[in-house]
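K.L.:
Compact mmCIF, C-alpha atoms, file entry.txt:
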```txt
# COMPACT_ATOMS: atom_id res chain seq x y z
CA MET K 1 0.00 0.00 0.00
CA LEU K 2 2.80 2.34 1.01
CA SER K 3 4.84 1.46 -2.08
CA THR K 4 1.84 2.12 -4.34
CA THR K 5 1.39 5.54 -2.83
CA ILE K 6 5.09 6.32 -3.29
CA GLU K 7 4.97 5.21 -6.93
CA LYS K 8 1.84 7.23 -7.55
CA ASN K 9 3.60 10.29 -6.19
CA GLN K 10 6.70 9.56 -8.27
CA GLN K 11 4.68 9.13 -11.45
CA ALA K 12 2.96 12.45 -10.82
CA ARG K 13 6.34 14.02 -10.10
CA TRP K 14 7.88 12.93 -13.45
CA LEU K 15 4.87 14.28 -15.29
CA GLN K 16 5.10 17.58 -13.52
CA LEU K 17 8.86 17.85 -14.15
CA MET K 18 8.44 17.03 -17.84
CA GLN K 19 5.75 19.68 -18.15
CA ARG K 20 8.04 22.27 -16.56
CA ILE K 21 10.87 21.29 -18.91
CA ALA K 22 8.65 21.36 -21.99
CA GLU K 23 6.73 24.54 -21.24
CA GLN K 24 9.12 26.68 -19.20
CA ARG K 25 12.52 25.22 -20.22
CA ASP K 26 13.07 24.83 -16.49
CA ARG K 27 16.70 23.80 -15.78
CA GLU K 28 16.04 23.04 -12.15
CA ALA K 29 13.34 20.52 -13.15
CA PHE K 30 15.74 19.00 -15.68
CA GLU K 31 18.45 18.66 -13.01
CA GLN K 32 16.03 16.65 -10.90
CA VAL K 33 15.48 14.26 -13.82
CA VAL K 34 19.26 14.03 -14.32
CA ASP K 35 19.81 13.29 -10.62
CA GLU K 36 17.15 10.60 -10.63
CA PHE K 37 17.94 8.86 -13.91
CA GLY K 38 21.58 9.68 -14.78
CA GLY K 39 22.94 6.89 -12.55
CA ARG K 40 20.24 4.43 -13.60
CA LEU K 41 20.95 5.05 -17.28
CA LEU K 42 24.65 4.64 -16.63
CA ARG K 43 24.14 1.28 -14.96
CA PHE K 44 21.74 0.17 -17.69
CA LEU K 45 24.28 0.94 -20.43
CA LEU K 46 27.16 -0.65 -18.52
CA GLN K 47 25.02 -3.78 -18.12
CA ARG K 48 24.64 -3.82 -21.89
CA GLY K 49 28.36 -3.90 -22.44
CA ALA K 50 29.23 -0.22 -23.04
CA SER K 51 32.58 0.90 -21.63
CA HIS K 52 32.40 3.45 -18.83
CA ASP K 53 33.38 6.35 -21.14
CA GLU K 54 30.89 5.26 -23.81
CA ALA K 55 28.14 4.85 -21.23
CA GLU K 56 28.74 8.33 -19.78
CA GLU K 57 28.63 9.85 -23.26
CA LEU K 58 25.41 7.98 -24.10
CA VAL K 59 23.79 9.07 -20.82
CA GLN K 60 24.56 12.67 -21.72
CA LEU K 61 23.09 12.22 -25.22
CA CYS K 62 20.03 10.49 -23.83
CA LEU K 63 19.30 13.17 -21.24
CA LEU K 64 20.03 15.93 -23.74
CA ARG K 65 17.33 14.36 -25.92
CA VAL K 66 14.93 14.47 -22.96
CA TRP K 67 15.61 18.21 -22.70
CA GLN K 68 15.24 18.79 -26.44
CA ARG K 69 12.15 16.60 -26.91
CA ALA K 70 10.32 17.10 -23.65
CA ALA K 71 7.34 18.50 -25.56
CA GLN K 72 7.02 15.19 -27.45
CA PHE K 73 6.58 13.16 -24.30
CA ASN K 74 2.92 12.21 -23.99
CA ALA K 75 1.97 10.73 -20.65
CA GLY K 76 -1.23 9.33 -22.12
CA GLN K 77 0.76 7.08 -24.45
CA GLY K 78 3.23 5.48 -22.08
CA ALA K 79 5.20 5.78 -18.87
CA PHE K 80 8.14 8.17 -18.63
CA THR K 81 10.52 5.27 -17.91
CA ALA K 82 9.38 3.45 -21.09
CA TRP K 83 10.01 6.61 -23.13
CA LEU K 84 13.44 7.05 -21.60
CA PHE K 85 14.21 3.34 -22.08
CA ARG K 86 13.42 3.56 -25.81
CA ILE K 87 15.69 6.56 -26.28
CA ALA K 88 18.57 4.84 -24.43
CA ARG K 89 18.04 1.54 -26.24
CA ASN K 90 18.07 3.17 -29.68
CA LEU K 91 21.13 5.28 -28.92
CA HIS K 92 22.92 2.15 -27.76
CA ILE K 93 21.90 0.17 -30.88
CA ASP K 94 23.08 3.09 -33.04
CA GLN K 95 26.41 3.10 -31.26
CA LEU K 96 26.84 -0.65 -31.71
CA ARG K 97 26.12 -0.20 -35.40
CA ARG K 98 28.69 2.56 -35.74
CA HIS K 99 31.20 0.15 -34.28
CA ARG K 100 30.42 -2.34 -37.05
CA HIS K 101 29.19 -1.00 -40.39
CA GLU K 102 27.12 1.89 -41.55
CA VAL K 103 23.78 0.76 -43.00
CA ARG K 104 21.71 3.37 -44.69
CA GLY K 105 18.06 3.53 -43.74
CA GLU K 106 15.29 5.83 -42.71
CA PRO K 107 14.61 6.53 -39.05
CA ASP K 108 12.90 3.57 -37.54
CA GLU K 109 9.41 4.66 -36.58
CA CYS K 110 8.44 1.56 -34.66
CA ALA K 111 11.65 0.78 -32.83
CA SER K 112 12.23 4.44 -32.01
CA GLY K 113 8.53 4.20 -31.19
CA GLU K 114 7.96 7.08 -28.91
CA THR K 115 4.23 6.51 -29.10
CA PRO K 116 3.24 2.85 -28.65
CA ASP K 117 -0.38 2.19 -29.52
CA GLY K 118 -2.88 2.76 -26.80
CA LEU K 119 -0.69 2.05 -23.81
CA VAL K 120 -1.60 3.93 -20.72
CA THR K 121 0.77 3.20 -17.88
CA ASP K 122 0.19 4.15 -14.32
CA GLN K 123 1.15 3.10 -10.84
CA ARG K 124 -1.51 0.38 -10.83
CA LEU K 125 0.23 -1.20 -13.81
CA GLN K 126 3.60 -1.08 -12.07
CA GLU K 127 2.19 -2.74 -9.01
CA GLN K 128 0.40 -5.41 -11.03
CA VAL K 129 3.55 -6.24 -13.00
CA ARG K 130 5.66 -6.27 -9.85
CA GLN K 131 3.30 -8.81 -8.28
CA GLU K 132 3.32 -10.98 -11.39
CA LEU K 133 7.13 -10.87 -11.53
CA SER K 134 7.38 -12.06 -7.94
CA ARG K 135 5.16 -15.03 -8.84
CA LEU K 136 7.26 -16.15 -11.82
CA PRO K 137 9.25 -19.38 -11.44
CA GLU K 138 12.93 -18.66 -10.85
CA ARG K 139 14.05 -19.73 -14.35
CA GLN K 140 11.49 -17.50 -16.06
CA ALA K 141 12.38 -14.55 -13.84
CA GLN K 142 16.06 -15.06 -14.64
CA VAL K 143 15.40 -15.16 -18.41
CA VAL K 144 13.14 -12.09 -18.18
CA TYR K 145 15.87 -10.12 -16.37
CA MET K 146 18.55 -11.13 -18.87
CA ALA K 147 16.35 -10.41 -21.91
CA PHE K 148 14.47 -7.29 -20.82
CA TYR K 149 17.05 -5.52 -18.69
CA GLN K 150 20.42 -6.78 -19.85
CA GLY K 151 19.31 -6.99 -23.50
CA LYS K 152 20.98 -10.37 -24.04
CA THR K 153 20.15 -12.42 -27.12
CA HIS K 154 18.44 -15.81 -26.80
CA ALA K 155 21.68 -17.53 -27.82
CA GLU K 156 23.67 -15.63 -25.15
CA ILE K 157 21.11 -16.54 -22.48
CA ALA K 158 21.15 -20.20 -23.56
CA THR K 159 24.96 -20.31 -23.32
CA GLU K 160 25.10 -18.51 -19.99
CA LEU K 161 22.39 -20.60 -18.32
CA GLU K 162 23.48 -23.79 -20.11
CA ILE K 163 19.96 -24.55 -21.35
CA PRO K 164 18.68 -25.24 -24.91
CA LEU K 165 17.71 -22.30 -27.11
CA GLY K 166 14.15 -23.65 -27.23
CA SER K 167 13.94 -23.49 -23.42
CA VAL K 168 15.01 -19.84 -23.43
CA LYS K 169 12.30 -19.01 -25.94
CA SER K 170 9.59 -20.98 -24.14
CA SER K 171 10.51 -19.47 -20.74
CA LEU K 172 10.47 -15.97 -22.17
CA ARG K 173 7.26 -16.59 -24.11
CA LEU K 174 5.45 -17.89 -21.01
CA ALA K 175 6.71 -15.11 -18.77
CA PHE K 176 5.85 -12.43 -21.34
CA ALA K 177 2.31 -13.88 -21.66
CA LYS K 178 1.82 -13.68 -17.87
CA LEU K 179 3.22 -10.17 -17.68
CA ARG K 180 1.08 -9.06 -20.62
CA SER K 181 -2.08 -10.35 -19.01
CA SER K 182 -1.19 -8.63 -15.76
CA MET K 183 -0.77 -5.40 -17.76
CA GLU K 184 -4.16 -5.90 -19.39
CA VAL K 185 -5.79 -6.43 -15.99
CA ALA K 186 -4.28 -3.16 -14.78
CA LEU K 187 -5.45 -1.13 -17.76
CA MET S 1 -3.76 -7.06 -44.38
CA THR S 2 -4.35 -9.99 -42.04
CA LEU S 3 -1.26 -12.07 -41.45
CA SER S 4 -1.38 -15.53 -39.93
CA HIS S 5 2.27 -16.32 -39.17
CA HIS S 6 4.16 -14.02 -36.78
CA PRO S 7 7.51 -13.97 -34.95
CA ASP S 8 7.41 -15.85 -31.66
CA ASP S 9 6.44 -13.61 -28.72
CA ALA S 10 9.85 -14.35 -27.20
CA SER S 11 11.46 -12.90 -30.34
CA LEU S 12 9.23 -9.81 -30.25
CA ALA S 13 10.04 -9.29 -26.54
CA SER S 14 13.76 -9.39 -27.25
CA PHE S 15 13.34 -7.09 -30.24
CA ALA S 16 11.63 -4.54 -27.97
CA ALA S 17 14.30 -4.91 -25.30
CA GLY S 18 17.05 -4.26 -27.86
CA GLY S 19 18.38 -7.81 -27.56
CA SER S 20 17.80 -9.14 -31.07
CA PRO S 21 20.78 -9.79 -33.31
CA GLN S 22 20.84 -7.25 -36.14
CA ASN S 23 19.88 -9.74 -38.89
CA PHE S 24 16.83 -11.00 -36.96
CA ALA S 25 15.87 -7.41 -36.04
CA CYS S 26 15.81 -6.50 -39.76
CA VAL S 27 13.37 -9.31 -40.54
CA MET S 28 11.14 -8.38 -37.59
CA GLN S 29 11.19 -4.68 -38.43
CA LEU S 30 9.91 -5.38 -41.95
CA HIS S 31 7.14 -7.59 -40.54
CA LEU S 32 6.23 -4.96 -37.92
CA ASP S 33 5.84 -2.35 -40.65
CA GLN S 34 2.77 -4.29 -41.82
CA CYS S 35 1.47 -6.02 -38.67
CA ASP S 36 -0.65 -4.17 -36.07
CA ARG S 37 -0.77 -7.21 -33.79
CA CYS S 38 3.00 -7.46 -33.47
CA ARG S 39 3.44 -3.69 -33.13
CA GLN S 40 1.10 -3.85 -30.16
CA ARG S 41 3.10 -6.74 -28.64
CA VAL S 42 6.33 -4.77 -29.08
CA GLY S 43 4.72 -1.73 -27.45
CA GLN S 44 3.74 -3.85 -24.44
CA ALA S 45 7.24 -5.30 -24.19
CA GLU S 46 8.75 -1.79 -24.35
CA THR S 47 6.52 -0.72 -21.49
CA LEU S 48 7.68 -3.73 -19.44
CA ALA S 49 11.32 -3.03 -20.27
CA GLY S 50 10.79 0.57 -19.16
CA LEU S 51 9.31 -0.58 -15.86
CA PHE S 52 12.30 -2.87 -15.18
CA PHE S 53 14.69 -0.09 -16.13
CA GLY S 54 12.94 2.32 -13.75
CA GLN S 55 13.18 -0.11 -10.83
CA GLN S 56 16.88 -0.96 -11.11
CA PRO S 57 19.52 0.54 -8.82
CA ALA S 58 21.76 3.34 -10.09
CA ASP S 59 25.50 3.81 -10.56
CA ARG S 60 27.15 7.14 -9.85
CA PHE S 61 26.75 9.64 -12.68
CA SER S 62 29.72 11.94 -12.09
CA ALA S 63 29.40 15.64 -11.29
CA ALA S 64 31.76 16.40 -14.20
CA SER S 65 29.46 14.57 -16.64
CA LYS S 66 26.46 16.36 -15.24
CA SER S 67 28.21 19.74 -15.66
CA ARG S 68 29.11 18.93 -19.27
CA LEU S 69 25.49 17.95 -19.89
CA MET S 70 24.10 21.15 -18.36
CA ALA S 71 26.50 23.17 -20.55
CA MET S 72 25.09 21.45 -23.65
CA LEU S 73 21.50 22.58 -23.04
CA ASP S 74 21.85 25.83 -24.95
CA GLN S 75 23.10 24.12 -28.09
CA PRO S 76 20.50 24.01 -30.86
CA ALA S 77 19.06 20.53 -31.32
CA ASP S 78 20.41 18.62 -34.30
CA GLU S 79 17.19 17.50 -36.01
CA SER S 80 18.83 15.99 -39.09
CA PRO S 81 17.78 12.39 -39.85
CA SER S 82 21.31 11.13 -39.16
CA ALA S 83 21.21 12.60 -35.65
CA ARG S 84 18.02 10.77 -34.65
CA PRO S 85 18.40 7.50 -32.81
CA ARG S 86 17.24 4.97 -35.34
CA GLY S 87 17.21 1.65 -33.56
CA THR S 88 16.89 -1.21 -35.99
CA PRO S 89 18.79 -0.58 -39.23
CA VAL S 90 17.24 -2.04 -42.36
CA PRO S 91 19.10 -1.95 -45.70
CA GLU S 92 17.47 0.51 -48.09
CA LEU S 93 16.85 -2.18 -50.70
CA LEU S 94 14.63 -4.06 -48.26
CA ARG S 95 12.89 -1.04 -46.80
CA ASP S 96 11.87 0.09 -50.27
CA TRP S 97 11.27 -3.41 -51.58
CA SER S 98 9.72 -3.63 -55.02
CA ASP S 99 9.30 -6.66 -57.26
CA GLN S 100 10.44 -4.52 -60.18
CA GLN S 101 14.03 -4.44 -58.93
CA VAL S 102 14.31 -8.20 -58.51
CA ASP S 103 16.05 -8.90 -61.82
CA GLN S 104 18.69 -6.21 -61.21
CA LEU S 105 20.00 -7.88 -58.04
CA PRO S 106 23.29 -9.83 -58.10
CA TRP S 107 21.72 -13.28 -57.65
CA ARG S 108 24.08 -16.20 -57.10
CA ARG S 109 22.87 -19.69 -57.99
CA ILE S 110 23.32 -22.04 -55.05
CA ALA S 111 21.26 -25.03 -56.20
CA PRO S 112 18.92 -25.88 -59.08
CA GLY S 113 16.04 -23.39 -58.94
CA ILE S 114 17.48 -21.54 -55.92
CA LYS S 115 19.41 -18.25 -55.96
CA GLN S 116 20.73 -16.06 -53.16
CA VAL S 117 21.80 -12.45 -52.44
CA ARG S 118 23.59 -11.74 -49.15
CA PHE S 119 23.70 -8.54 -47.06
CA PRO S 120 27.25 -8.43 -45.73
CA GLU S 121 26.70 -4.95 -44.26
CA VAL S 122 24.33 -6.42 -41.66
CA SER S 123 25.93 -8.35 -38.82
CA GLY S 124 24.90 -12.01 -38.71
CA ASP S 125 23.66 -14.00 -41.69
CA LEU S 126 20.97 -12.19 -43.69
CA TYR S 127 20.11 -13.09 -47.25
CA LEU S 128 17.42 -13.13 -49.90
CA LEU S 129 16.41 -16.47 -51.38
CA ARG S 130 14.76 -16.63 -54.81
CA ILE S 131 13.07 -19.97 -55.32
CA ALA S 132 11.75 -20.90 -58.75
CA PRO S 133 8.04 -21.89 -58.99
CA GLY S 134 7.41 -25.40 -57.71
CA THR S 135 10.98 -25.89 -56.43
CA CYS S 136 11.34 -28.02 -53.34
CA LEU S 137 14.15 -27.06 -50.94
CA PRO S 138 16.14 -29.95 -49.47
CA GLU S 139 14.74 -31.17 -46.15
CA HIS S 140 16.69 -29.50 -43.34
CA GLY S 141 16.88 -28.70 -39.66
CA HIS S 142 18.63 -25.79 -37.95
CA GLY S 143 21.73 -25.51 -35.82
CA GLY S 144 20.15 -22.43 -34.18
CA GLY S 145 17.36 -19.99 -34.99
CA GLU S 146 16.02 -19.19 -38.47
CA MET S 147 13.57 -16.42 -39.25
CA THR S 148 12.06 -16.11 -42.73
CA LEU S 149 9.86 -13.32 -44.12
CA VAL S 150 8.14 -13.76 -47.47
CA LEU S 151 8.58 -10.68 -49.67
CA SER S 152 6.87 -11.98 -52.81
CA GLY S 153 5.34 -15.21 -54.05
CA SER S 154 4.57 -17.90 -51.49
CA TYR S 155 5.68 -21.29 -50.17
CA SER S 156 4.29 -24.10 -48.08
CA ASP S 157 5.87 -26.50 -45.61
CA GLU S 158 4.88 -28.72 -42.68
CA ILE S 159 3.88 -25.62 -40.66
CA GLY S 160 1.58 -23.99 -43.19
CA ARG S 161 1.43 -21.70 -46.21
CA PHE S 162 3.43 -18.48 -46.14
CA THR S 163 2.42 -15.47 -48.25
CA PRO S 164 3.98 -11.96 -48.33
CA GLY S 165 4.41 -10.42 -44.87
CA ASN S 166 4.19 -13.73 -43.02
CA VAL S 167 7.10 -14.91 -40.88
CA ALA S 168 8.38 -18.37 -39.98
CA ASP S 169 10.28 -18.20 -36.68
CA LEU S 170 11.98 -21.57 -36.19
CA ASP S 171 14.34 -22.92 -33.59
CA ASP S 172 16.73 -25.86 -33.55
CA SER S 173 13.95 -28.38 -32.86
CA ILE S 174 12.20 -27.86 -36.22
CA GLU S 175 12.85 -29.75 -39.46
CA HIS S 176 11.02 -28.76 -42.62
CA GLN S 177 11.00 -28.88 -46.39
CA PRO S 178 9.60 -25.72 -47.99
CA ILE S 179 8.09 -25.91 -51.49
CA ALA S 180 7.54 -22.75 -53.54
CA ASP S 181 4.05 -22.38 -54.93
CA ARG S 182 3.79 -23.01 -58.65
CA ASN S 183 2.50 -19.66 -59.92
CA ARG S 184 5.65 -17.49 -59.53
CA ASP S 185 9.09 -17.12 -57.93
CA CYS S 186 9.06 -16.99 -54.16
CA ILE S 187 11.41 -14.40 -52.66
CA CYS S 188 12.15 -14.60 -48.93
CA LEU S 189 14.38 -12.73 -46.53
CA VAL S 190 16.14 -15.15 -44.20
CA ALA S 191 18.14 -14.56 -40.98
CA THR S 192 20.02 -17.43 -39.35
CA ASP S 193 22.45 -17.69 -36.47
CA ALA S 194 23.88 -21.10 -37.35
CA PRO S 195 24.24 -23.13 -40.56
CA LEU S 196 21.29 -25.16 -41.81
CA ARG S 197 21.52 -28.94 -41.25
CA PHE S 198 20.64 -30.78 -44.45
CA LYS S 199 19.58 -34.40 -44.20
CA ASP S 200 20.97 -35.56 -47.59
CA TRP S 201 24.61 -35.62 -48.64
CA ALA S 202 24.17 -33.63 -51.91
CA PRO S 203 22.97 -30.35 -50.32
CA ARG S 204 25.57 -30.78 -47.57
CA LEU S 205 28.27 -30.92 -50.26
CA PHE S 206 26.86 -27.82 -52.03
CA GLN S 207 26.69 -26.09 -48.66
CA ARG S 208 30.43 -26.60 -48.09
CA LEU S 209 31.39 -25.65 -51.65
CA LEU S 210 29.20 -22.57 -51.93
CA ASN S 211 29.25 -21.43 -48.30
CA PHE S 212 25.52 -21.11 -47.68
```
Please lay out the structure from this file as structure tokens.

P.N.:
Amino acid sequence: MLSTTIEKNQQARWLQLMQRIAEQRDREAFEQVVDEFGGRLLRFLLQRGASHDEAEELVQLCLLRVWQRAAQFNAGQGAFTAWLFRIARNLHIDQLRRHRHEVRGEPDECASGETPDGLVTDQRLQEQVRQELSRLPERQAQVVYMAFYQGKTHAEIATELEIPLGSVKSSLRLAFAKLRSSMEVAL
Amino acid sequence: MTLSHHPDDASLASFAAGGSPQNFACVMQLHLDQCDRCRQRVGQAETLAGLFFGQQPADRFSAASKSRLMAMLDQPADESPSARPRGTPVPELLRDWSDQQVDQLPWRRIAPGIKQVRFPEVSGDLYLLRIAPGTCLPEHGHGGGEMTLVLSGSYSDEIGRFTPGNVADLDDSIEHQPIADRNRDCICLVATDAPLRFKDWAPRLFQRLLNF
């Protein structure tokens, strides 16, 4: 109950800060976002294999984009953390690509997807998903963490956990189905 | 357009989380461009990934980095296409796919009735297969994952019939023998992360000689 109230307050706080950034170009509001998410973004990118210098540079780029595109954030179409995640993920994929080859292509509307269809996320959703996660069998929870947070491929997960590729896919498929239905209940 | 064969939900979840190999991500991106159902799934997975991200502990973002960031705020935003984070890269040829360009591509014959064009600029194995009408591919299994998107024509196998936009997402437990429908060439985009395992000796020999 207490955690739900805290999350509700946090959610309202991000919305308020983003409004101040978008409408008033409020640096103090932006600093609060930086203080809250700078370290989390850094850890996220380090977990995905970026070097410390690369991760710091990507965090700066990511947060700079929050400042520049604050007006594009639409709370009715997704949670702030999902929006931030997509920006960080795409910047990281772009950086990986620069390390390999340059492939020409138009901006990727879906994967850069700053407006997923009809998703309204709120604190009830967070709580519902958190409960469902705690109910997942250990193997499924492990695969979910490695796939969703660490961004590991199925083959990497299979090697690391020493399980067949098919088991990685079935664990992830089952867990995703449970998490999706918990999201639908919350909406 | 209603599609009946989609990437596995596990593949879509990893695509959303940024954990798909580049070749598989290309195939999924092209399917997503025409599939509302899968776009919705990816949107849900992105929301979940965002929730996990928001609940993880933080490392220390240095004061020096923060100062550099604050000093950048007055710079005008670079809105050029190349400055936008793009996510999944898809070769231009595939993004703007048209049957009219098919004959201009540098097809390489790899077996009777089967030709191939590779995309070396994409990491991992990604290639187009052009299968002549009525041609039967050798029966094969997979050393890893294989994802196939039909671009034109159609084929059938033990799983079903695949028309443009449909995807076969197979793992190492599946063996199949696709047959192109008889009315026209079937052109597919294929991503694999391990060599195919042919049952007969002849395709295995061709595989070694022609590196496919």

K.L.:
Compile the contact shell of K:Val144 as a list in words: residues with an atom at most 8 Å away, counting all atoms listed in the file, same-chain residues fewer than 3 positions apart removed.

P.N.:
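Selected residues are Gln140, Ala141, Ala147, Phe148, Tyr149, Leu172, Ala175 and Phe176 of chain K.
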
K.L.:
Kindly give the distance, in Å, that separates atom CA of S:Tyr155 and atom CA of S:Ile179, rounded to a single decimal.

P.N.:
5.4 Å

K.L.:
Work out how far apart atom CA of S:His6 and atom CA of S:Thr192 are and give it in Å to one decimal.

P.N.:
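Interatomic distance here is 16.4 Å.
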
K.L.:
Residues of chain S that approach chain K to 8 Å or less, counting all atoms listed in the file: could you list each one with the shortest pair of atoms and its distance in Å to one decimal, rows by chain and increasing residue number, as JSON lines?

P.N.:
```
{"residue": "S:Asp8", "atom": "CA", "partner": "K:Arg173", "partner_atom": "CA", "distance": 7.6}
{"residue": "S:Asp9", "atom": "CA", "partner": "K:Arg173", "partner_atom": "CA", "distance": 5.6}
{"residue": "S:Ala10", "atom": "CA", "partner": "K:Arg173", "partner_atom": "CA", "distance": 4.6}
{"residue": "S:Ser11", "atom": "CA", "partner": "K:Lys169", "partner_atom": "CA", "distance": 7.6}
{"residue": "S:Ala13", "atom": "CA", "partner": "K:Phe176", "partner_atom": "CA", "distance": 7.4}
{"residue": "S:Ser14", "atom": "CA", "partner": "K:Ala147", "partner_atom": "CA", "distance": 6.0}
{"residue": "S:Ala16", "atom": "CA", "partner": "K:Ala111", "partner_atom": "CA", "distance": 7.2}
{"residue": "S:Ala17", "atom": "CA", "partner": "K:Phe148", "partner_atom": "CA", "distance": 5.1}
{"residue": "S:Gly18", "atom": "CA", "partner": "K:Gly151", "partner_atom": "CA", "distance": 5.6}
{"residue": "S:Gly19", "atom": "CA", "partner": "K:Gly151", "partner_atom": "CA", "distance": 4.2}
{"residue": "S:Ser20", "atom": "CA", "partner": "K:Thr153", "partner_atom": "CA", "distance": 5.6}
{"residue": "S:Pro21", "atom": "CA", "partner": "K:Thr153", "partner_atom": "CA", "distance": 6.8}
{"residue": "S:Gln29", "atom": "CA", "partner": "K:Cys110", "partner_atom": "CA", "distance": 7.8}
{"residue": "S:Leu32", "atom": "CA", "partner": "K:Cys110", "partner_atom": "CA", "distance": 7.6}
{"residue": "S:Asp33", "atom": "CA", "partner": "K:Cys110", "partner_atom": "CA", "distance": 7.6}
{"residue": "S:Arg39", "atom": "CA", "partner": "K:Cys110", "partner_atom": "CA", "distance": 7.4}
{"residue": "S:Gln40", "atom": "CA", "partner": "K:Asp117", "partner_atom": "CA", "distance": 6.3}
{"residue": "S:Gly43", "atom": "CA", "partner": "K:Pro116", "partner_atom": "CA", "distance": 5.0}
{"residue": "S:Gln44", "atom": "CA", "partner": "K:Arg180", "partner_atom": "CA", "distance": 7.0}
{"residue": "S:Ala45", "atom": "CA", "partner": "K:Phe176", "partner_atom": "CA", "distance": 7.8}
{"residue": "S:Glu46", "atom": "CA", "partner": "K:Ala82", "partner_atom": "CA", "distance": 6.2}
{"residue": "S:Thr47", "atom": "CA", "partner": "K:Ala82", "partner_atom": "CA", "distance": 5.1}
{"residue": "S:Leu48", "atom": "CA", "partner": "K:Ala82", "partner_atom": "CA", "distance": 7.6}
{"residue": "S:Ala49", "atom": "CA", "partner": "K:Phe148", "partner_atom": "CA", "distance": 5.3}
{"residue": "S:Gly50", "atom": "CA", "partner": "K:Ala82", "partner_atom": "CA", "distance": 3.7}
{"residue": "S:Leu51", "atom": "CA", "partner": "K:Thr81", "partner_atom": "CA", "distance": 6.3}
{"residue": "S:Phe52", "atom": "CA", "partner": "K:Tyr149", "partner_atom": "CA", "distance": 6.5}
{"residue": "S:Phe53", "atom": "CA", "partner": "K:Tyr149", "partner_atom": "CA", "distance": 6.5}
{"residue": "S:Gly54", "atom": "CA", "partner": "K:Thr81", "partner_atom": "CA", "distance": 5.6}
{"residue": "S:Gln56", "atom": "CA", "partner": "K:Arg40", "partner_atom": "CA", "distance": 6.8}
{"residue": "S:Pro57", "atom": "CA", "partner": "K:Arg40", "partner_atom": "CA", "distance": 6.2}
{"residue": "S:Ala58", "atom": "CA", "partner": "K:Arg40", "partner_atom": "CA", "distance": 4.0}
{"residue": "S:Asp59", "atom": "CA", "partner": "K:Gly39", "partner_atom": "CA", "distance": 4.5}
{"residue": "S:Arg60", "atom": "CA", "partner": "K:Gly39", "partner_atom": "CA", "distance": 5.0}
{"residue": "S:Phe61", "atom": "CA", "partner": "K:Gly39", "partner_atom": "CA", "distance": 4.7}
{"residue": "S:Ser65", "atom": "CA", "partner": "K:Glu56", "partner_atom": "CA", "distance": 7.0}
{"residue": "S:Lys66", "atom": "CA", "partner": "K:Val34", "partner_atom": "CA", "distance": 7.6}
{"residue": "S:Leu69", "atom": "CA", "partner": "K:Gln60", "partner_atom": "CA", "distance": 5.7}
{"residue": "S:Met72", "atom": "CA", "partner": "K:Leu64", "partner_atom": "CA", "distance": 7.5}
{"residue": "S:Leu73", "atom": "CA", "partner": "K:Leu64", "partner_atom": "CA", "distance": 6.8}
{"residue": "S:Ala77", "atom": "CA", "partner": "K:Gln68", "partner_atom": "CA", "distance": 6.4}
{"residue": "S:Pro81", "atom": "CA", "partner": "K:Pro107", "partner_atom": "CA", "distance": 6.7}
{"residue": "S:Arg84", "atom": "CA", "partner": "K:Pro107", "partner_atom": "CA", "distance": 7.0}
{"residue": "S:Pro85", "atom": "CA", "partner": "K:Leu91", "partner_atom": "CA", "distance": 5.2}
{"residue": "S:Arg86", "atom": "CA", "partner": "K:Pro107", "partner_atom": "CA", "distance": 4.8}
{"residue": "S:Gly87", "atom": "CA", "partner": "K:Asn90", "partner_atom": "CA", "distance": 4.3}
{"residue": "S:Thr88", "atom": "CA", "partner": "K:Asp108", "partner_atom": "CA", "distance": 6.4}
{"residue": "S:Pro89", "atom": "CA", "partner": "K:Gly105", "partner_atom": "CA", "distance": 6.1}
{"residue": "S:Val90", "atom": "CA", "partner": "K:Gly105", "partner_atom": "CA", "distance": 5.8}
{"residue": "S:Pro91", "atom": "CA", "partner": "K:Gly105", "partner_atom": "CA", "distance": 5.9}
{"residue": "S:Glu92", "atom": "CA", "partner": "K:Gly105", "partner_atom": "CA", "distance": 5.3}
{"residue": "S:Arg95", "atom": "CA", "partner": "K:Gly105", "partner_atom": "CA", "distance": 7.5}
{"residue": "S:Glu121", "atom": "CA", "partner": "K:His101", "partner_atom": "CA", "distance": 6.1}
{"residue": "S:Val122", "atom": "CA", "partner": "K:Val103", "partner_atom": "CA", "distance": 7.3}
{"residue": "S:Ser123", "atom": "CA", "partner": "K:Arg100", "partner_atom": "CA", "distance": 7.7}
{"residue": "S:Gly144", "atom": "CA", "partner": "K:Leu165", "partner_atom": "CA", "distance": 7.5}
{"residue": "S:Asp171", "atom": "CA", "partner": "K:Gly166", "partner_atom": "CA", "distance": 6.4}
{"residue": "S:Asp172", "atom": "CA", "partner": "K:Gly166", "partner_atom": "CA", "distance": 7.2}
{"residue": "S:Ser173", "atom": "CA", "partner": "K:Gly166", "partner_atom": "CA", "distance": 7.4}
```

K.L.:
So how far away is atom CA of K:Gln10 from atom CA of K:Gln128, in Å?

P.N.:
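Rounded to one decimal, the two atoms are 16.5 Å apart.
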
K.L.:
If you count all atoms listed in the file, which residues fall within 10 Å of S:Cys186, apart from same-chain ones fewer than 5 positions away, as number ranges by chain?

P.N.:
S: 114, 129-135, 150-155, 162-164, 179-181

K.L.:
Quick one: residues within 10 Å of S:Gly124, all atoms listed in the file, excluding same-chain residues fewer than 5 positions away - as a ChimeraX atom specification?

P.N.:
/S:21-24,119,191-194

K.L.:
Using 5 Å of padding on each side, determine the axis-aligned box around all atoms of stretch 75-89 of chain K present in the file and give its centre and edge lengths in Å to one decimal, as JSON.

P.N.:
```
{"center_x": 8.7, "center_y": 6.1, "center_z": -22.1, "size_x": 29.8, "size_y": 19.2, "size_z": 18.4}
```
